[in-house]
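Visitor: Structure file work-v7.cif (mmCIF, C-alpha atoms) right here:
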data_structure
loop_
_atom_site.label_atom_id
_atom_site.label_comp_id
_atom_site.auth_asym_id
_atom_site.auth_seq_id
_atom_site.Cartn_x
_atom_site.Cartn_y
_atom_site.Cartn_z
CA MET A 161 79.91 96.36 100.53
CA SER A 162 80.56 95.88 96.84
CA LEU A 163 83.95 95.51 95.28
CA GLY A 164 84.24 96.67 91.72
CA SER A 165 86.17 94.51 89.31
CA ASP A 166 87.94 97.63 88.08
CA ASP A 167 90.09 98.09 91.18
CA HIS A 168 90.26 94.63 92.86
CA ARG A 169 91.06 91.05 91.86
CA LEU A 170 90.73 87.73 93.63
CA CYS A 171 93.97 85.93 94.53
CA HIS A 172 93.33 82.19 94.32
CA CYS A 173 95.88 81.44 97.07
CA CYS A 174 94.91 84.19 99.53
CA LYS A 175 91.19 83.77 98.76
CA MET A 176 90.94 87.54 99.18
CA PHE A 177 90.08 90.47 96.97
CA LEU A 178 93.18 92.62 96.65
CA PRO A 179 93.92 95.90 94.83
CA HIS A 180 95.27 95.72 91.27
CA ALA A 181 98.60 97.13 92.46
CA MET A 182 99.29 93.87 94.33
CA PHE A 183 99.18 91.86 91.06
CA LYS A 184 101.70 91.63 88.24
CA PRO A 185 100.73 93.74 85.23
CA GLY A 186 99.04 92.06 82.32
CA GLY A 187 95.88 90.17 81.56
CA ARG A 188 93.99 87.83 83.77
CA ARG A 189 96.34 87.38 86.73
CA THR A 190 94.93 85.08 89.41
CA LEU A 191 97.84 85.19 91.88
CA CYS A 192 99.08 88.22 93.82
CA ARG A 193 102.78 89.17 93.45
CA MET A 194 103.77 87.37 96.66
CA HIS A 195 102.21 84.05 95.63
CA PHE A 196 103.32 84.40 92.01
CA ASN A 197 106.95 84.98 93.07
CA GLU A 198 106.71 82.09 95.54
CA ARG A 199 105.52 79.76 92.77
CA ILE A 200 108.36 80.86 90.44
CA ARG A 201 110.90 80.37 93.27
CA LYS A 202 109.64 76.80 93.86
CA ILE A 203 109.90 76.02 90.14
CA LYS A 204 113.48 77.35 89.96
CA LEU A 205 114.53 75.45 93.09
CA HIS A 206 113.07 72.26 91.64
CA ILE A 207 114.95 72.76 88.36
CA TRP A 208 118.18 73.64 90.18
CA ASN A 209 117.87 70.53 92.37
CA GLU A 210 117.63 68.40 89.23
CA VAL A 211 120.63 70.09 87.58
CA PRO A 212 122.62 71.70 90.42
CA GLN A 213 125.43 72.87 88.16
CA GLU A 214 122.93 75.05 86.30
CA ARG A 215 122.64 77.26 89.38
CA GLN A 216 126.44 77.45 89.66
CA ALA A 217 126.65 78.44 85.99
CA LYS A 218 124.01 81.13 86.41
CA ASN A 219 125.80 82.62 89.44
CA ILE A 220 129.16 82.59 87.62
CA TRP A 221 127.55 84.26 84.60
CA MET A 222 125.91 86.96 86.75
CA ALA A 223 129.24 87.80 88.41
CA ALA A 224 130.95 87.88 85.00
CA TYR A 225 128.22 90.16 83.64
CA ALA A 226 128.71 92.59 86.53
CA ASP A 227 132.50 92.56 86.05
CA SER A 228 132.20 93.11 82.29
CA SER A 229 129.94 96.11 82.65
CA LYS A 230 131.55 97.74 85.70
CA VAL A 231 135.24 96.92 85.41
CA PHE A 232 135.95 96.25 81.73
CA LYS A 233 133.18 98.51 80.35
CA LEU A 234 132.34 95.92 77.67
CA LYS A 235 129.32 93.84 76.77
CA ILE A 236 129.34 90.13 77.48
CA SER A 237 129.14 87.68 74.58
CA ILE A 238 128.64 84.47 76.53
CA THR A 239 125.42 82.91 77.84
CA PRO A 240 124.72 80.91 81.01
CA ALA A 241 124.24 77.83 78.79
CA VAL A 242 127.79 78.20 77.43
CA VAL A 243 129.11 78.61 80.98
CA LEU A 244 127.26 75.41 81.96
CA ASP A 245 128.85 73.59 79.01
CA LEU A 246 132.30 74.83 80.07
CA LEU A 247 131.78 73.65 83.65
CA GLN A 248 130.61 70.24 82.49
CA GLN A 249 133.39 69.80 79.91
CA LEU A 250 136.07 70.79 82.41
CA GLN A 251 134.42 68.66 85.15
CA ILE A 252 134.54 71.43 87.72
CA PRO A 253 132.82 70.28 90.94
CA ILE A 254 129.68 72.07 92.12
CA ASN A 255 131.22 73.07 95.45
CA GLU A 256 134.23 74.69 93.71
CA SER A 257 134.06 78.48 93.65
CA VAL A 258 135.15 79.77 90.22
CA ARG A 259 134.89 83.09 88.39
CA LEU A 260 134.88 83.98 84.71
CA LEU A 261 137.06 86.76 83.28
CA PRO A 262 138.31 87.69 79.81
CA VAL A 263 141.87 86.72 78.87
CA ASP A 264 142.16 89.89 76.78
CA PRO A 265 140.50 92.75 78.69
CA HIS A 266 140.10 94.80 75.49
CA LEU A 267 137.74 92.19 73.98
CA PRO A 268 134.30 91.16 75.28
CA LEU A 269 134.04 88.02 77.41
CA SER A 270 133.15 85.15 75.06
CA ALA A 271 133.75 81.46 74.44
CA GLN A 272 136.96 82.46 72.59
CA ASN A 273 138.11 84.91 75.29
CA PHE A 274 137.59 83.48 78.77
CA CYS A 275 139.49 82.43 81.87
CA LEU A 276 138.07 80.39 84.77
CA THR A 277 139.87 81.28 87.98
CA THR A 278 139.41 81.60 91.76
CA PRO A 279 137.47 84.50 93.32
CA THR A 280 140.67 85.81 94.93
CA ASN A 281 142.53 85.87 91.62
CA ARG A 282 139.47 87.48 89.97
CA LYS A 283 139.49 90.24 92.56
CA ASP A 284 143.20 90.92 92.05
CA MET A 285 142.83 90.92 88.26
CA CYS A 286 139.89 93.34 88.39
CA VAL A 287 141.74 95.68 90.75
CA ALA A 288 144.84 95.60 88.53
CA TRP A 289 142.80 96.39 85.43
CA LYS A 290 140.72 99.10 87.08
CA ARG A 291 143.73 100.91 88.53
CA MET A 292 146.29 100.60 85.76
CA GLN A 293 144.41 99.73 82.55
CA ASP A 294 147.60 97.89 81.61
CA LYS A 295 147.25 94.63 79.72
CA GLN A 296 150.69 93.40 80.81
CA SER A 297 150.00 93.76 84.55
CA TYR A 298 146.56 92.18 84.01
CA SER A 299 147.94 89.16 82.14
CA MET A 300 150.61 88.69 84.80
CA PHE A 301 147.87 86.98 86.88
CA LEU A 302 147.36 84.45 84.06
CA ASP A 303 151.03 83.45 84.01
CA PRO A 304 151.55 79.87 85.31
CA LEU A 305 154.75 80.99 87.07
CA THR A 306 152.74 83.12 89.54
CA ASN A 307 151.21 79.95 91.03
CA ARG A 308 147.69 81.35 90.82
CA LYS A 309 144.93 78.80 90.31
CA ILE A 310 143.60 78.94 86.75
CA TYR A 311 141.06 76.22 85.95
CA ALA A 312 140.94 76.86 82.20
CA THR A 313 141.45 79.52 79.56
CA SER A 314 140.36 79.89 75.98
CA ASN A 315 144.06 80.15 75.09
CA GLN A 316 145.07 76.51 75.55
CA SER A 317 148.78 77.33 75.78
CA MET A 318 148.10 79.07 79.10
CA LYS A 319 145.97 76.26 80.57
CA THR A 320 147.07 75.09 84.05
CA SER A 321 145.54 73.30 87.02
#
Please re-express this file's structure in C-alpha coordinates.
Guide:
Amino acid sequence: MSLGSDDHRLCHCCKMFLPHAMFKPGGRRTLCRMHFNERIRKIKLHIWNEVPQERQAKNIWMAAYADSSKVFKLKISITPAVVLDLLQQLQIPINESVRLLPVDPHLPLSAQNFCLTTPTNRKDMCVAWKRMQDKQSYSMFLDPLTNRKIYATSNQSMKTS
(Lines of atoms letter the chains of each structure in order from A and count residues from 1; the text may use other names and numbers.)
(Lines give C-alpha, C1' and ligand atoms only; values in the text may rest on other atoms or scores of the structure.)
Protein backbone atom coordinates (compact mmCIF):
# COMPACT_ATOMS: atom_id res chain seq x y z
CA MET A 1 0.00 0.00 0.00
CA SER A 2 1.45 3.35 -0.94
CA LEU A 3 0.20 6.66 0.31
CA GLY A 4 0.76 9.58 -1.99
CA SER A 5 1.97 12.82 -0.47
CA ASP A 6 -0.68 14.64 -2.51
CA ASP A 7 -3.63 13.44 -0.45
CA HIS A 8 -2.20 12.45 2.98
CA ARG A 9 0.04 13.98 5.63
CA LEU A 10 1.68 12.63 8.76
CA CYS A 11 0.42 13.99 12.09
CA HIS A 12 3.34 14.04 14.51
CA CYS A 13 1.07 13.45 17.53
CA CYS A 14 -1.15 10.72 16.06
CA LYS A 15 1.80 9.11 14.23
CA MET A 16 -0.67 8.35 11.44
CA PHE A 17 -1.10 9.38 7.83
CA LEU A 18 -4.33 11.35 7.58
CA PRO A 19 -6.16 13.00 4.66
CA HIS A 20 -5.40 16.66 3.90
CA ALA A 21 -8.93 17.61 4.98
CA MET A 22 -8.03 16.78 8.59
CA PHE A 23 -5.28 19.46 8.62
CA LYS A 24 -5.53 23.24 8.79
CA PRO A 25 -5.03 24.89 5.40
CA GLY A 26 -1.65 26.30 4.58
CA GLY A 27 1.90 25.14 4.13
CA ARG A 28 3.69 22.42 5.95
CA ARG A 29 1.26 21.52 8.73
CA THR A 30 2.51 18.71 10.96
CA LEU A 31 -0.44 18.48 13.37
CA CYS A 32 -4.00 17.48 12.54
CA ARG A 33 -6.81 19.92 13.46
CA MET A 34 -7.61 18.11 16.70
CA HIS A 35 -4.03 18.22 18.01
CA PHE A 36 -3.44 21.74 16.69
CA ASN A 37 -6.56 23.05 18.49
CA GLU A 38 -5.57 21.15 21.64
CA ARG A 39 -2.14 22.80 21.60
CA ILE A 40 -3.67 26.29 21.13
CA ARG A 41 -6.14 25.61 23.98
CA LYS A 42 -3.27 24.64 26.32
CA ILE A 43 -1.36 27.81 25.42
CA LYS A 44 -4.41 30.01 26.07
CA LEU A 45 -5.16 28.29 29.38
CA HIS A 46 -1.55 28.80 30.45
CA ILE A 47 -1.69 32.50 29.56
CA TRP A 48 -5.07 32.94 31.26
CA ASN A 49 -3.77 31.24 34.41
CA GLU A 50 -0.91 33.75 34.53
CA VAL A 51 -3.21 36.74 33.99
CA PRO A 52 -6.72 35.57 34.99
CA GLN A 53 -8.30 38.97 34.48
CA GLU A 54 -7.36 38.78 30.80
CA ARG A 55 -9.91 36.00 30.34
CA GLN A 56 -12.55 38.05 32.16
CA ALA A 57 -11.79 41.03 29.91
CA LYS A 58 -12.04 38.90 26.78
CA ASN A 59 -15.42 37.47 27.85
CA ILE A 60 -16.76 40.94 28.71
CA TRP A 61 -15.56 42.25 25.34
CA MET A 62 -17.18 39.35 23.44
CA ALA A 63 -20.53 39.98 25.16
CA ALA A 64 -20.23 43.71 24.43
CA TYR A 65 -19.42 42.99 20.78
CA ALA A 66 -22.52 40.81 20.46
CA ASP A 67 -24.70 43.48 22.11
CA SER A 68 -23.29 46.24 19.90
CA SER A 69 -23.96 44.38 16.70
CA LYS A 70 -27.33 42.80 17.58
CA VAL A 71 -29.00 45.32 19.87
CA PHE A 72 -27.47 48.72 19.11
CA LYS A 73 -26.60 47.98 15.45
CA LEU A 74 -23.26 49.80 15.82
CA LYS A 75 -19.62 48.84 15.52
CA ILE A 76 -17.52 48.56 18.66
CA SER A 77 -14.58 50.92 19.14
CA ILE A 78 -13.00 49.30 22.18
CA THR A 79 -10.50 46.43 22.37
CA PRO A 80 -10.08 43.64 24.92
CA ALA A 81 -6.84 45.34 26.05
CA VAL A 82 -8.75 48.53 26.90
CA VAL A 83 -11.35 46.47 28.79
CA LEU A 84 -8.51 44.81 30.73
CA ASP A 85 -7.09 48.25 31.59
CA LEU A 86 -10.52 49.39 32.79
CA LEU A 87 -10.93 46.32 35.00
CA GLN A 88 -7.48 46.79 36.50
CA GLN A 89 -7.87 50.55 37.05
CA LEU A 90 -11.26 50.10 38.71
CA GLN A 91 -9.98 47.09 40.72
CA ILE A 92 -12.94 44.91 39.80
CA PRO A 93 -12.46 41.40 41.25
CA ILE A 94 -12.13 38.44 38.89
CA ASN A 95 -15.15 36.65 40.34
CA GLU A 96 -17.38 39.73 39.82
CA SER A 97 -19.72 39.41 36.85
CA VAL A 98 -19.81 42.69 34.90
CA ARG A 99 -21.03 43.75 31.46
CA LEU A 100 -20.06 46.60 29.17
CA LEU A 101 -22.64 48.85 27.50
CA PRO A 102 -22.58 52.29 25.89
CA VAL A 103 -23.81 55.26 27.94
CA ASP A 104 -25.18 56.86 24.76
CA PRO A 105 -26.79 54.13 22.64
CA HIS A 106 -26.53 56.29 19.49
CA LEU A 107 -22.70 56.25 19.65
CA PRO A 108 -20.40 53.22 19.32
CA LEU A 109 -19.09 51.60 22.50
CA SER A 110 -15.67 53.14 23.21
CA ALA A 111 -13.39 54.27 26.02
CA GLN A 112 -15.29 57.59 26.02
CA ASN A 113 -18.74 55.96 25.91
CA PHE A 114 -18.95 52.99 28.27
CA CYS A 115 -20.77 51.75 31.34
CA LEU A 116 -19.76 48.73 33.46
CA THR A 117 -22.83 47.21 35.07
CA THR A 118 -24.34 43.91 36.26
CA PRO A 119 -25.65 41.29 33.81
CA THR A 120 -29.20 41.84 35.08
CA ASN A 121 -29.02 45.59 34.49
CA ARG A 122 -27.45 44.94 31.06
CA LYS A 123 -30.35 42.69 30.11
CA ASP A 124 -32.92 45.28 31.18
CA MET A 125 -31.09 48.07 29.34
CA CYS A 126 -30.86 46.02 26.14
CA VAL A 127 -34.55 45.09 26.31
CA ALA A 128 -35.52 48.73 26.90
CA TRP A 129 -33.45 49.90 23.96
CA LYS A 130 -34.59 47.14 21.62
CA ARG A 131 -38.28 47.67 22.35
CA MET A 132 -38.53 51.44 22.62
CA GLN A 133 -35.43 52.92 20.96
CA ASP A 134 -35.85 55.72 23.48
CA LYS A 135 -32.72 57.25 24.95
CA GLN A 136 -34.54 58.55 28.03
CA SER A 137 -35.91 55.13 29.06
CA TYR A 138 -32.48 53.60 28.35
CA SER A 139 -30.60 56.14 30.48
CA MET A 140 -33.10 55.66 33.30
CA PHE A 141 -31.14 52.49 34.17
CA LEU A 142 -27.98 54.61 34.60
CA ASP A 143 -29.63 56.93 37.12
CA PRO A 144 -28.18 56.47 40.64
CA LEU A 145 -31.67 56.92 42.13
CA THR A 146 -32.82 53.59 40.62
CA ASN A 147 -30.42 51.72 42.93
CA ARG A 148 -29.01 49.66 40.07
CA LYS A 149 -25.39 48.59 40.43
CA ILE A 150 -23.15 50.60 38.11
CA TYR A 151 -19.44 49.91 38.58
CA ALA A 152 -18.21 52.76 36.40
CA THR A 153 -19.14 54.98 33.48
CA SER A 154 -17.19 57.13 31.10
CA ASN A 155 -19.33 60.05 32.31
CA GLN A 156 -17.79 60.56 35.76
CA SER A 157 -20.76 62.56 37.04
CA MET A 158 -22.87 59.38 36.85
CA LYS A 159 -20.30 57.13 38.59
CA THR A 160 -21.70 55.12 41.53
CA SER A 161 -20.82 51.96 43.44
Visitor: For atom CA of A:Pro185 and atom CA of A:Arg199, quote the distance in Å rounded to one decimal.
Guide: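 Interatomic distance here is 16.6 Å.
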Visitor: Would you list the contacts of stretch 209-212 of chain A as a PDB file with C-alpha atoms, keeping the file's coordinate frame, taking every protein, DNA or RNA residue within 12 Å and counting all atoms listed in the file, but skipping same-chain residues closer than 3 positions in sequence?
Guide:
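Once written, selection.pdb looks like this:
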ATOM      1  CA  LYS A 202     109.640  76.800  93.860  1.00  0.00           C
ATOM      2  CA  ILE A 203     109.900  76.020  90.140  1.00  0.00           C
ATOM      3  CA  LYS A 204     113.480  77.350  89.960  1.00  0.00           C
ATOM      4  CA  LEU A 205     114.530  75.450  93.090  1.00  0.00           C
ATOM      5  CA  HIS A 206     113.070  72.260  91.640  1.00  0.00           C
ATOM      6  CA  ARG A 215     122.640  77.260  89.380  1.00  0.00           C
ATOM      7  CA  GLN A 216     126.440  77.450  89.660  1.00  0.00           C
ATOM      8  CA  ALA A 217     126.650  78.440  85.990  1.00  0.00           C
ATOM      9  CA  LYS A 218     124.010  81.130  86.410  1.00  0.00           C
ATOM     10  CA  ASN A 219     125.800  82.620  89.440  1.00  0.00           C
ATOM     11  CA  LEU A 244     127.260  75.410  81.960  1.00  0.00           C
ATOM     12  CA  LEU A 247     131.780  73.650  83.650  1.00  0.00           C
ATOM     13  CA  GLN A 248     130.610  70.240  82.490  1.00  0.00           C
ATOM     14  CA  PRO A 253     132.820  70.280  90.940  1.00  0.00           C
ATOM     15  CA  ILE A 254     129.680  72.070  92.120  1.00  0.00           C
ATOM     16  CA  ASN A 255     131.220  73.070  95.450  1.00  0.00           C
TER      17      ASN A 255
END
Visitor: Between A:Arg189, A:Arg259, A:Lys175, A:Lys295, which is the closest to A:Trp221 once you count all atoms listed in the file?
Guide: A:Arg259
Visitor: I need the residue set behind the PyMOL selection byres ((chain A and resi 196) around 12) for this file; please write it as a list of chain:residue names.
Guide: A:Cys171, A:His172, A:Cys173, A:Cys174, A:Met182, A:Phe183, A:Lys184, A:Pro185, A:Arg189, A:Thr190, A:Leu191, A:Cys192, A:Arg193, A:Met194, A:His195, A:Asn197, A:Glu198, A:Arg199, A:Ile200, A:Arg201, A:Lys202, A:Ile203
Visitor: Just the number, please: distance in Å from atom CA of A:Asp284 to atom CA of A:Ile252, one decimal.
Guide: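 We find that atom CA of A:Asp284 and atom CA of A:Ile252 lie 21.8 Å from each other.
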Visitor: At what distance in Å, to one decimal, does atom CA of A:Lys235 lie from atom CA of A:Met300?
Guide: 23.3 Å
Visitor: I need the output of the PyMOL selection byres ((chain A and resi 278) around 6) for this file as number ranges by chain; which residues are they?
Guide: A: 258-259, 277, 279-281
Visitor: Of the candidates A:Ala223, A:Pro262, A:Ala181, A:Leu269, which one gets nearest to A:Ile236 if we count all atoms listed in the file?
Guide: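 Under the stated criterion, the closest residue is A:Leu269.
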Visitor: Go through A:Val263, A:Leu178, A:Ala224, A:Ala288 and flag the residue nearest A:Ile310, using only C-alpha atoms for the distances.
Guide: A:Val263
Visitor: Counting all atoms listed in the file, which of A:Leu170, A:Ala241, A:Ile207, A:Val231 gets nearest to A:Gln293?
Guide: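 Using all atoms listed in the file, the shortest distance to A:Gln293 belongs to A:Val231.
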Visitor: Which residue out of A:Arg188, A:Trp289, A:Met222, A:Arg282 has the minimum interatomic distance to A:Arg308 when all atoms listed in the file are used?
Guide: A:Arg282
Visitor: For a quick check of understanding, using all atoms listed in the file, which of A:Leu305, A:Gln213, A:Ala226, A:Ala271 has the smallest distance to A:Thr239?
Guide: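 Closest candidate: A:Ala271.
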Visitor: Evaluated on this file, the PyMOL selection byres ((chain A and resi 261) around 6) picks out some residues - which ones are they, written as a ChimeraX atom specification?
Guide: /A:260,262,274-275
